[in-house]
>>> print(open('upload_39.pdb').read())   # PDB, C-alpha atoms
ATOM      1  CA  MET B   1       8.381   4.624  -5.517  1.00  0.00           C
ATOM      2  CA  ARG B   2       9.552   3.946  -2.016  1.00  0.00           C
ATOM      3  CA  PHE B   3      12.821   4.852  -0.341  1.00  0.00           C
ATOM      4  CA  CYS B   4      15.534   2.251  -0.261  1.00  0.00           C
ATOM      5  CA  PRO B   5      17.018   1.775   3.236  1.00  0.00           C
ATOM      6  CA  PHE B   6      20.514   2.463   1.845  1.00  0.00           C
ATOM      7  CA  GLY B   7      19.941   6.073   0.944  1.00  0.00           C
ATOM      8  CA  ALA B   8      19.147   8.058  -2.182  1.00  0.00           C
ATOM      9  CA  MET B   9      18.114   5.226  -4.508  1.00  0.00           C
ATOM     10  CA  GLN B  10      14.379   4.699  -4.878  1.00  0.00           C
ATOM     11  CA  ILE B  11      12.654   1.466  -5.823  1.00  0.00           C
ATOM     12  CA  PRO B  12       9.511   1.685  -7.992  1.00  0.00           C
ATOM     13  CA  VAL B  13       6.502   0.280  -6.168  1.00  0.00           C
ATOM     14  CA  GLU B  14       5.939  -2.337  -8.891  1.00  0.00           C
ATOM     15  CA  ILE B  15       9.404  -3.789  -8.242  1.00  0.00           C
ATOM     16  CA  SER B  16       8.880  -3.594  -4.492  1.00  0.00           C
ATOM     17  CA  ILE B  17       5.633  -5.598  -4.775  1.00  0.00           C
ATOM     18  CA  ARG B  18       7.297  -8.176  -7.041  1.00  0.00           C
ATOM     19  CA  GLN B  19      10.274  -8.535  -4.675  1.00  0.00           C
ATOM     20  CA  HIS B  20       7.892  -9.038  -1.756  1.00  0.00           C
ATOM     21  CA  THR B  21       5.959 -11.684  -3.709  1.00  0.00           C
ATOM     22  CA  ASP B  22       9.150 -13.496  -4.729  1.00  0.00           C
ATOM     23  CA  ALA B  23      10.390 -13.512  -1.123  1.00  0.00           C
ATOM     24  CA  ILE B  24       7.156 -15.069   0.134  1.00  0.00           C
ATOM     25  CA  ILE B  25       7.023 -17.670  -2.663  1.00  0.00           C
ATOM     26  CA  SER B  26      10.647 -18.665  -2.054  1.00  0.00           C
ATOM     27  CA  GLY B  27       9.981 -19.067   1.688  1.00  0.00           C
ATOM     28  CA  LYS B  28      12.104 -16.087   2.724  1.00  0.00           C
ATOM     29  CA  ILE B  29       9.294 -14.503   4.684  1.00  0.00           C
ATOM     30  CA  PRO B  30      10.657 -11.775   6.944  1.00  0.00           C
ATOM     31  CA  LYS B  31       9.642 -12.400  10.538  1.00  0.00           C
ATOM     32  CA  PRO B  32       7.848  -9.455  12.179  1.00  0.00           C
ATOM     33  CA  LYS B  33       9.914  -7.207  14.407  1.00  0.00           C
ATOM     34  CA  LYS B  34       6.984  -5.623  16.235  1.00  0.00           C
ATOM     35  CA  CYS B  35       5.256  -7.139  19.230  1.00  0.00           C
ATOM     36  CA  CYS B  36       1.859  -8.869  19.077  1.00  0.00           C
ATOM     37  CA  PRO B  37      -0.848  -6.228  18.579  1.00  0.00           C
ATOM     38  CA  ARG B  38      -3.170  -8.118  20.969  1.00  0.00           C
ATOM     39  CA  CYS B  39      -1.058  -9.273  23.942  1.00  0.00           C
ATOM     40  CA  PHE B  40       2.224  -7.412  23.237  1.00  0.00           C
ATOM     41  CA  SER B  41       4.292 -10.617  23.294  1.00  0.00           C
ATOM     42  CA  LYS B  42       7.700 -10.602  21.650  1.00  0.00           C
ATOM     43  CA  PRO B  43       8.070 -11.688  18.001  1.00  0.00           C
ATOM     44  CA  GLU B  44       9.838 -14.913  19.029  1.00  0.00           C
ATOM     45  CA  THR B  45       6.393 -16.325  19.874  1.00  0.00           C
ATOM     46  CA  PHE B  46       5.086 -15.881  16.303  1.00  0.00           C
ATOM     47  CA  LYS B  47       4.504 -18.751  13.912  1.00  0.00           C
ATOM     48  CA  LEU B  48       3.568 -18.428  10.261  1.00  0.00           C
ATOM     49  CA  HIS B  49      -0.158 -19.141  10.058  1.00  0.00           C
ATOM     50  CA  GLU B  50      -0.912 -18.731   6.355  1.00  0.00           C
ATOM     51  CA  CYS B  51      -0.390 -16.500   3.323  1.00  0.00           C
ATOM     52  CA  ARG B  52      -3.301 -14.859   1.586  1.00  0.00           C
ATOM     53  CA  LYS B  53      -3.657 -13.171  -1.783  1.00  0.00           C
ATOM     54  CA  ARG B  54      -4.068  -9.438  -1.937  1.00  0.00           C
ATOM     55  CA  ALA B  55      -4.420  -7.194  -4.990  1.00  0.00           C
ATOM     56  CA  PHE B  56      -2.815  -3.761  -4.829  1.00  0.00           C
ATOM     57  CA  ARG B  57      -3.519  -0.898  -7.190  1.00  0.00           C
ATOM     58  CA  TYR B  58      -0.783   1.555  -8.070  1.00  0.00           C
ATOM     59  CA  VAL B  59      -0.574   4.590 -10.326  1.00  0.00           C
ATOM     60  CA  ALA B  60       1.781   4.324 -13.301  1.00  0.00           C
ATOM     61  CA  GLY B  61       1.604   7.550 -15.294  1.00  0.00           C
ATOM     62  CA  ASN B  62      -1.995   7.989 -16.454  1.00  0.00           C
ATOM     63  CA  PHE B  63      -3.092   4.487 -15.534  1.00  0.00           C
ATOM     64  CA  VAL B  64      -3.991   2.472 -12.484  1.00  0.00           C
ATOM     65  CA  LYS B  65      -2.414  -0.967 -12.601  1.00  0.00           C
ATOM     66  CA  VAL B  66      -3.081  -3.975 -10.394  1.00  0.00           C
ATOM     67  CA  LEU B  67      -0.589  -6.472  -8.995  1.00  0.00           C
ATOM     68  CA  VAL B  68      -1.461  -9.452  -6.832  1.00  0.00           C
ATOM     69  CA  THR B  69       0.866 -10.408  -4.008  1.00  0.00           C
ATOM     70  CA  LEU B  70       0.776 -12.501  -0.875  1.00  0.00           C
ATOM     71  CA  LEU B  71       0.550 -11.260   2.681  1.00  0.00           C
ATOM     72  CA  ALA B  72       1.831 -13.403   5.522  1.00  0.00           C
ATOM     73  CA  ARG B  73      -0.502 -14.009   8.444  1.00  0.00           C
ATOM     74  CA  TRP B  74       1.136 -14.695  11.794  1.00  0.00           C
ATOM     75  CA  LYS B  75      -0.155 -16.454  14.892  1.00  0.00           C
ATOM     76  CA  CYS B  76       0.959 -15.557  18.394  1.00  0.00           C
ATOM     77  CA  ALA B  77       1.680 -18.622  20.538  1.00  0.00           C
ATOM     78  CA  GLU B  78       0.871 -16.648  23.700  1.00  0.00           C
ATOM     79  CA  CYS B  79      -2.658 -15.401  22.929  1.00  0.00           C
ATOM     80  CA  GLY B  80      -3.524 -17.544  19.886  1.00  0.00           C
ATOM     81  CA  LYS B  81      -4.611 -14.561  17.761  1.00  0.00           C
ATOM     82  CA  THR B  82      -3.667 -14.121  14.113  1.00  0.00           C
ATOM     83  CA  PHE B  83      -2.645 -10.865  12.484  1.00  0.00           C
ATOM     84  CA  THR B  84      -0.942  -9.361   9.447  1.00  0.00           C
ATOM     85  CA  PHE B  85       2.064  -7.056   9.471  1.00  0.00           C
ATOM     86  CA  TYR B  86       1.917  -5.153   6.186  1.00  0.00           C
ATOM     87  CA  PRO B  87       4.912  -4.570   3.905  1.00  0.00           C
ATOM     88  CA  PRO B  88       6.147  -0.957   3.530  1.00  0.00           C
ATOM     89  CA  PHE B  89       4.128  -0.349   0.352  1.00  0.00           C
ATOM     90  CA  ALA B  90       0.801  -1.359   1.927  1.00  0.00           C
ATOM     91  CA  ALA B  91      -1.675   0.031   4.419  1.00  0.00           C
ATOM     92  CA  PRO B  92      -4.384  -1.999   6.142  1.00  0.00           C
ATOM     93  CA  HIS B  93      -7.755  -1.880   4.358  1.00  0.00           C
ATOM     94  CA  LYS B  94      -6.411   0.210   1.452  1.00  0.00           C
ATOM     95  CA  ARG B  95      -6.435  -1.053  -2.132  1.00  0.00           C
ATOM     96  CA  TYR B  96      -3.885   1.466  -3.376  1.00  0.00           C
ATOM     97  CA  THR B  97      -0.237   1.499  -2.390  1.00  0.00           C
ATOM     98  CA  LEU B  98       0.678   3.756   0.488  1.00  0.00           C
ATOM     99  CA  ASN B  99       3.087   5.737  -1.684  1.00  0.00           C
ATOM    100  CA  ASP B 100       0.348   6.668  -4.183  1.00  0.00           C
ATOM    101  CA  ILE B 101      -2.045   7.624  -1.405  1.00  0.00           C
ATOM    102  CA  LEU B 102       0.532   9.939   0.167  1.00  0.00           C
ATOM    103  CA  ASN B 103       1.777  11.375  -3.163  1.00  0.00           C
ATOM    104  CA  LEU B 104      -1.696  12.350  -4.372  1.00  0.00           C
ATOM    105  CA  ARG B 105      -2.633  13.651  -0.927  1.00  0.00           C
ATOM    106  CA  ASN B 106       0.507  15.805  -0.815  1.00  0.00           C
ATOM    107  CA  LYS B 107      -0.072  17.022  -4.381  1.00  0.00           C
ATOM    108  CA  TYR B 108      -3.464  18.337  -3.278  1.00  0.00           C
ATOM    109  CA  ILE B 109      -2.400  19.718   0.113  1.00  0.00           C
ATOM    110  CA  GLU B 110       0.861  21.402  -0.904  1.00  0.00           C
ATOM    111  CA  ASP B 111      -0.449  23.281  -3.966  1.00  0.00           C
ATOM    112  CA  GLU B 112      -3.121  25.901  -3.314  1.00  0.00           C
ATOM    113  CA  GLN B 113      -4.151  25.814  -6.979  1.00  0.00           C
ATOM    114  CA  GLN B 114      -5.072  22.117  -6.841  1.00  0.00           C
ATOM    115  CA  THR B 115      -8.638  20.949  -6.556  1.00  0.00           C
ATOM    116  CA  LEU B 116      -9.704  17.386  -5.838  1.00  0.00           C
ATOM    117  CA  TYR B 117     -10.445  17.049  -9.556  1.00  0.00           C
ATOM    118  CA  THR B 118      -7.057  18.310 -10.769  1.00  0.00           C
ATOM    119  CA  ALA B 119      -5.092  16.387  -8.139  1.00  0.00           C
ATOM    120  CA  VAL B 120      -6.256  13.023  -9.552  1.00  0.00           C
ATOM    121  CA  THR B 121      -4.693  13.754 -12.939  1.00  0.00           C
ATOM    122  CA  HIS B 122      -1.283  13.120 -14.460  1.00  0.00           C
ATOM    123  CA  GLU B 123       0.045  15.831 -16.771  1.00  0.00           C
ATOM    124  CA  GLY B 124      -3.481  17.193 -17.245  1.00  0.00           C
ATOM    125  CA  SER B 125      -5.120  13.864 -18.122  1.00  0.00           C
ATOM    126  CA  PRO B 126      -7.299  11.885 -15.725  1.00  0.00           C
ATOM    127  CA  ILE B 127      -5.788   8.785 -14.136  1.00  0.00           C
ATOM    128  CA  GLY B 128      -7.758   5.886 -15.583  1.00  0.00           C
ATOM    129  CA  TYR B 129      -8.096   2.150 -15.370  1.00  0.00           C
ATOM    130  CA  ARG B 130      -7.349  -0.440 -18.035  1.00  0.00           C
ATOM    131  CA  GLU B 131      -9.163  -3.619 -18.823  1.00  0.00           C
ATOM    132  CA  GLU B 132      -7.220  -6.880 -18.829  1.00  0.00           C
ATOM    133  CA  SER B 133      -7.123  -6.619 -22.622  1.00  0.00           C
ATOM    134  CA  GLU B 134      -5.095  -3.385 -22.148  1.00  0.00           C
ATOM    135  CA  LYS B 135      -7.874  -1.296 -23.681  1.00  0.00           C
ATOM    136  CA  ASN B 136      -8.670   1.998 -22.030  1.00  0.00           C
ATOM    137  CA  VAL B 137     -11.969   2.244 -20.241  1.00  0.00           C
ATOM    138  CA  ASP B 138     -13.949   5.285 -19.221  1.00  0.00           C
ATOM    139  CA  HIS B 139     -13.350   4.587 -15.557  1.00  0.00           C
ATOM    140  CA  PHE B 140     -11.134   7.056 -13.732  1.00  0.00           C
ATOM    141  CA  LEU B 141      -9.749   7.637 -10.250  1.00  0.00           C
ATOM    142  CA  ALA B 142     -12.480   9.549  -8.445  1.00  0.00           C
ATOM    143  CA  PRO B 143     -11.839  12.823  -6.617  1.00  0.00           C
ATOM    144  CA  SER B 144     -13.903  11.447  -3.721  1.00  0.00           C
ATOM    145  CA  THR B 145     -11.286   8.703  -3.317  1.00  0.00           C
ATOM    146  CA  LEU B 146      -8.613  11.350  -2.753  1.00  0.00           C
ATOM    147  CA  TYR B 147     -10.916  13.076  -0.252  1.00  0.00           C
ATOM    148  CA  ARG B 148     -11.272   9.831   1.726  1.00  0.00           C
ATOM    149  CA  TRP B 149      -7.493   9.295   1.644  1.00  0.00           C
ATOM    150  CA  ILE B 150      -6.911  12.774   3.072  1.00  0.00           C
ATOM    151  CA  ASN B 151      -9.333  12.109   5.923  1.00  0.00           C
ATOM    152  CA  TRP B 152      -7.875   8.646   6.536  1.00  0.00           C
ATOM    153  CA  SER B 153      -4.284   9.927   6.653  1.00  0.00           C
ATOM    154  CA  ALA B 154      -5.249  12.785   8.983  1.00  0.00           C
ATOM    155  CA  ASN B 155      -6.958  10.340  11.353  1.00  0.00           C
ATOM    156  CA  THR B 156      -4.021   7.935  11.164  1.00  0.00           C
ATOM    157  CA  GLU B 157      -1.535  10.669  11.997  1.00  0.00           C
ATOM    158  CA  LYS B 158      -3.660  11.802  14.973  1.00  0.00           C
ATOM    159  CA  THR B 159      -3.779   8.297  16.461  1.00  0.00           C
ATOM    160  CA  SER B 160      -0.044   7.721  15.982  1.00  0.00           C
ATOM    161  CA  GLU B 161       0.913  10.860  17.923  1.00  0.00           C
TER     162      GLU B 161
END
>>> encode(input="upload_39.pdb", output="C-alpha coordinates")
Amino acid sequence: MRFCPFGAMQIPVEISIRQHTDAIISGKIPKPKKCCPRCFSKPETFKLHECRKRAFRYVAGNFVKVLVTLLARWKCAECGKTFTFYPPFAAPHKRYTLNDILNLRNKYIEDEQQTLYTAVTHEGSPIGYREESEKNVDHFLAPSTLYRWINWSANTEKTSE
(Lines of atoms letter the chains of each structure in order from A and count residues from 1; the text may use other names and numbers.)
(Lines give C-alpha, C1' and ligand atoms only; values in the text may rest on other atoms or scores of the structure.)
Protein backbone atom coordinates (compact mmCIF):
# COMPACT_ATOMS: atom_id res chain seq x y z
CA MET A 1 0.00 0.00 0.00
CA ARG A 2 1.04 3.57 -0.49
CA PHE A 3 -0.07 6.69 1.35
CA CYS A 4 -2.83 8.74 -0.18
CA PRO A 5 -1.96 12.46 -0.37
CA PHE A 6 -5.15 13.31 1.56
CA GLY A 7 -4.16 11.70 4.82
CA ALA A 8 -4.84 8.45 6.63
CA MET A 9 -6.36 6.43 3.79
CA GLN A 10 -4.00 4.02 2.05
CA ILE A 11 -4.31 2.75 -1.50
CA PRO A 12 -3.23 -0.86 -2.20
CA VAL A 13 -0.36 -0.96 -4.67
CA GLU A 14 -2.40 -3.06 -7.12
CA ILE A 15 -5.00 -0.28 -7.36
CA SER A 16 -2.30 2.36 -7.62
CA ILE A 17 -0.70 0.53 -10.57
CA ARG A 18 -4.09 0.10 -12.27
CA GLN A 19 -4.97 3.78 -11.77
CA HIS A 20 -1.61 4.78 -13.25
CA THR A 21 -2.19 2.50 -16.25
CA ASP A 22 -5.71 3.84 -16.80
CA ALA A 23 -4.45 7.43 -16.65
CA ILE A 24 -1.80 6.77 -19.29
CA ILE A 25 -4.20 4.87 -21.58
CA SER A 26 -6.80 7.63 -21.33
CA GLY A 27 -4.18 10.27 -22.20
CA LYS A 28 -4.19 11.89 -18.75
CA ILE A 29 -0.46 11.56 -18.36
CA PRO A 30 0.75 13.74 -15.49
CA LYS A 31 3.47 16.09 -16.68
CA PRO A 32 6.69 15.90 -14.63
CA LYS A 33 7.21 18.54 -11.98
CA LYS A 34 10.96 18.03 -11.61
CA CYS A 35 13.56 19.63 -13.83
CA CYS A 36 15.43 17.77 -16.59
CA PRO A 37 17.94 15.38 -15.00
CA ARG A 38 20.50 16.21 -17.72
CA CYS A 39 20.39 19.99 -18.30
CA PHE A 40 18.12 21.07 -15.40
CA SER A 41 15.64 22.82 -17.71
CA LYS A 42 12.15 23.51 -16.43
CA PRO A 43 9.34 20.99 -17.06
CA GLU A 44 7.66 23.34 -19.56
CA THR A 45 10.27 22.20 -22.11
CA PHE A 46 9.21 18.53 -21.89
CA LYS A 47 7.31 16.73 -24.61
CA LEU A 48 5.90 13.23 -24.37
CA HIS A 49 8.29 10.98 -26.28
CA GLU A 50 6.74 7.53 -25.89
CA CYS A 51 5.22 5.09 -23.41
CA ARG A 52 6.83 1.75 -22.73
CA LYS A 53 5.58 -1.39 -21.03
CA ARG A 54 6.95 -2.33 -17.66
CA ALA A 55 6.06 -5.30 -15.46
CA PHE A 56 6.05 -4.75 -11.70
CA ARG A 57 6.03 -7.48 -9.09
CA TYR A 58 4.25 -6.94 -5.80
CA VAL A 59 3.67 -9.08 -2.72
CA ALA A 60 0.07 -10.02 -1.97
CA GLY A 61 0.00 -12.20 1.14
CA ASN A 62 2.08 -15.30 0.42
CA PHE A 63 2.36 -14.68 -3.31
CA VAL A 64 4.23 -12.48 -5.72
CA LYS A 65 1.93 -11.12 -8.40
CA VAL A 66 2.82 -9.30 -11.60
CA LEU A 67 1.06 -6.34 -13.20
CA VAL A 68 2.08 -4.68 -16.45
CA THR A 69 1.77 -0.93 -16.75
CA LEU A 70 3.08 1.83 -18.97
CA LEU A 71 5.77 4.34 -18.13
CA ALA A 72 5.88 7.67 -19.91
CA ARG A 73 9.17 8.72 -21.47
CA TRP A 74 9.77 12.45 -21.80
CA LYS A 75 12.04 14.42 -24.10
CA CYS A 76 13.61 17.72 -23.13
CA ALA A 77 13.42 20.31 -25.91
CA GLU A 78 16.53 22.05 -24.55
CA CYS A 79 19.05 19.18 -24.52
CA GLY A 80 17.19 16.58 -26.61
CA LYS A 81 17.63 13.79 -24.03
CA THR A 82 14.88 11.38 -23.04
CA PHE A 83 14.15 10.19 -19.53
CA THR A 84 11.54 8.55 -17.33
CA PHE A 85 10.05 9.98 -14.15
CA TYR A 86 8.77 6.99 -12.18
CA PRO A 87 5.38 6.85 -10.46
CA PRO A 88 5.36 6.73 -6.63
CA PHE A 89 5.12 2.92 -6.52
CA ALA A 90 8.20 2.38 -8.70
CA ALA A 91 11.96 2.69 -8.41
CA PRO A 92 14.36 2.78 -11.35
CA HIS A 93 15.80 -0.64 -12.26
CA LYS A 94 13.71 -2.48 -9.64
CA ARG A 95 11.17 -5.15 -10.58
CA TYR A 96 9.33 -5.02 -7.26
CA THR A 97 7.25 -2.10 -6.07
CA LEU A 98 9.01 0.38 -3.84
CA ASN A 99 6.55 -0.23 -1.01
CA ASP A 100 7.34 -3.97 -0.89
CA ILE A 101 11.07 -3.31 -1.00
CA LEU A 102 10.84 -0.90 1.93
CA ASN A 103 8.37 -3.04 3.94
CA LEU A 104 10.49 -6.19 3.76
CA ARG A 105 13.66 -4.20 4.42
CA ASN A 106 12.09 -2.59 7.50
CA LYS A 107 10.74 -5.95 8.70
CA TYR A 108 14.31 -7.27 8.70
CA ILE A 109 16.00 -4.16 10.12
CA GLU A 110 13.51 -3.31 12.88
CA ASP A 111 13.21 -6.80 14.41
CA GLU A 112 16.38 -8.25 15.92
CA GLN A 113 14.90 -11.75 15.75
CA GLN A 114 14.52 -11.62 11.96
CA THR A 115 16.95 -13.31 9.63
CA LEU A 116 17.06 -12.82 5.88
CA TYR A 117 15.26 -16.16 5.57
CA THR A 118 12.43 -15.33 7.99
CA ALA A 119 11.97 -11.79 6.67
CA VAL A 120 10.93 -13.08 3.21
CA THR A 121 7.97 -14.97 4.67
CA HIS A 122 4.35 -14.08 5.33
CA GLU A 123 2.82 -15.55 8.49
CA GLY A 124 5.55 -18.20 8.61
CA SER A 125 5.19 -19.36 4.99
CA PRO A 126 7.63 -18.43 2.23
CA ILE A 127 6.51 -15.81 -0.28
CA GLY A 128 6.19 -17.67 -3.57
CA TYR A 129 5.41 -17.13 -7.20
CA ARG A 130 2.45 -18.42 -9.19
CA GLU A 131 2.32 -19.63 -12.74
CA GLU A 132 -0.12 -17.99 -15.14
CA SER A 133 -2.40 -20.99 -14.59
CA GLU A 134 -2.60 -19.91 -10.91
CA LYS A 135 -0.83 -23.08 -9.78
CA ASN A 136 1.77 -22.74 -7.07
CA VAL A 137 5.35 -23.29 -8.08
CA ASP A 138 8.36 -24.11 -5.97
CA HIS A 139 9.91 -20.74 -6.68
CA PHE A 140 10.15 -18.36 -3.74
CA LEU A 141 11.41 -14.87 -2.97
CA ALA A 142 15.10 -15.33 -2.23
CA PRO A 143 16.75 -14.00 0.93
CA SER A 144 19.58 -12.70 -1.26
CA THR A 145 17.05 -10.42 -2.98
CA LEU A 146 16.25 -8.81 0.37
CA TYR A 147 19.98 -8.44 1.03
CA ARG A 148 20.43 -6.58 -2.27
CA TRP A 149 17.44 -4.34 -1.49
CA ILE A 150 18.95 -3.40 1.87
CA ASN A 151 22.24 -2.45 0.23
CA TRP A 152 20.46 -0.58 -2.57
CA SER A 153 18.29 1.43 -0.16
CA ALA A 154 21.29 2.28 2.03
CA ASN A 155 23.22 3.53 -1.01
CA THR A 156 20.20 5.47 -2.26
CA GLU A 157 19.72 7.18 1.09
CA LYS A 158 23.43 8.12 1.22
CA THR A 159 23.33 9.77 -2.21
CA SER A 160 20.11 11.67 -1.45
CA GLU A 161 21.55 13.29 1.68
>>> atom_distance(input="upload_39.pdb", atom1="atom CA of B:Ala72", atom2="atom CA of B:Arg52")
6.6 Å
>>> residues_near_point(input="upload_39.pdb", point="(-0.7, 4.9, -1.0)", cutoff="12 Å", atoms="all atoms listed in the file", output="VMD selection string")
chain B and resid 1 to 2 13 56 to 59 88 to 106 145 to 146 148 to 150 152 to 153
>>> resolve_selection(input="upload_39.pdb", expression="the PyMOL selection byres ((chain B and resi 127) around 9)", output="list in words")
Val59, Ala60, Gly61, Asn62, Phe63, Val64, Val120, Thr121, His122, Ser125, Pro126, Gly128, Tyr129, His139, Phe140, Leu141 and Ala142 of chain B
>>> write_last_selection(input="upload_39.pdb", atoms="C-alpha atoms", output="mmCIF file, in the coordinates of the input")
data_model
loop_
_atom_site.group_PDB
_atom_site.id
_atom_site.type_symbol
_atom_site.label_atom_id
_atom_site.label_comp_id
_atom_site.auth_asym_id
_atom_site.auth_seq_id
_atom_site.Cartn_x
_atom_site.Cartn_y
_atom_site.Cartn_z
ATOM 1 C CA VAL B 59 -0.574 4.590 -10.326
ATOM 2 C CA ALA B 60 1.781 4.324 -13.301
ATOM 3 C CA GLY B 61 1.604 7.550 -15.294
ATOM 4 C CA ASN B 62 -1.995 7.989 -16.454
ATOM 5 C CA PHE B 63 -3.092 4.487 -15.534
ATOM 6 C CA VAL B 64 -3.991 2.472 -12.484
ATOM 7 C CA VAL B 120 -6.256 13.023 -9.552
ATOM 8 C CA THR B 121 -4.693 13.754 -12.939
ATOM 9 C CA HIS B 122 -1.283 13.120 -14.460
ATOM 10 C CA SER B 125 -5.120 13.864 -18.122
ATOM 11 C CA PRO B 126 -7.299 11.885 -15.725
ATOM 12 C CA GLY B 128 -7.758 5.886 -15.583
ATOM 13 C CA TYR B 129 -8.096 2.150 -15.370
ATOM 14 C CA HIS B 139 -13.350 4.587 -15.557
ATOM 15 C CA PHE B 140 -11.134 7.056 -13.732
ATOM 16 C CA LEU B 141 -9.749 7.637 -10.250
ATOM 17 C CA ALA B 142 -12.480 9.549 -8.445
#
>>> closest_residue(input="upload_39.pdb", among="B:Thr21, B:Asn151, B:Ser144, B:Gln114", to="B:Arg54", atoms="all atoms listed in the file")
B:Thr21
>>> residues_around(input="upload_39.pdb", residues="stretch 79-82 of chain B", least_positions_apart="3", cutoff="8 Å", atoms="only C-alpha atoms", output="PyMOL selection string")
chain B and resi 38-39+49+73-76
>>> residues_around(input="upload_39.pdb", residues="B:Leu70", least_positions_apart="6", cutoff="10 Å", atoms="all atoms listed in the file", output="list in words")
Ile17, Arg18, His20, Thr21, Asp22, Ala23, Ile24, Ile25, Glu50, Cys51, Arg52, Lys53, Arg54 and Ala55 of chain B
>>> residues_around(input="upload_39.pdb", residues="B:Cys35", least_positions_apart="4", cutoff="12 Å", atoms="only C-alpha atoms", output="ChimeraX atom specification")
/B:31,39-46,74-76,78,83-85
>>> atom_distance(input="upload_39.pdb", atom1="atom CA of B:Leu116", atom2="atom CA of B:Ala154")
16.1 Å
>>> atom_distance(input="upload_39.pdb", atom1="atom CA of B:Thr69", atom2="atom CA of B:Lys33")
20.8 Å
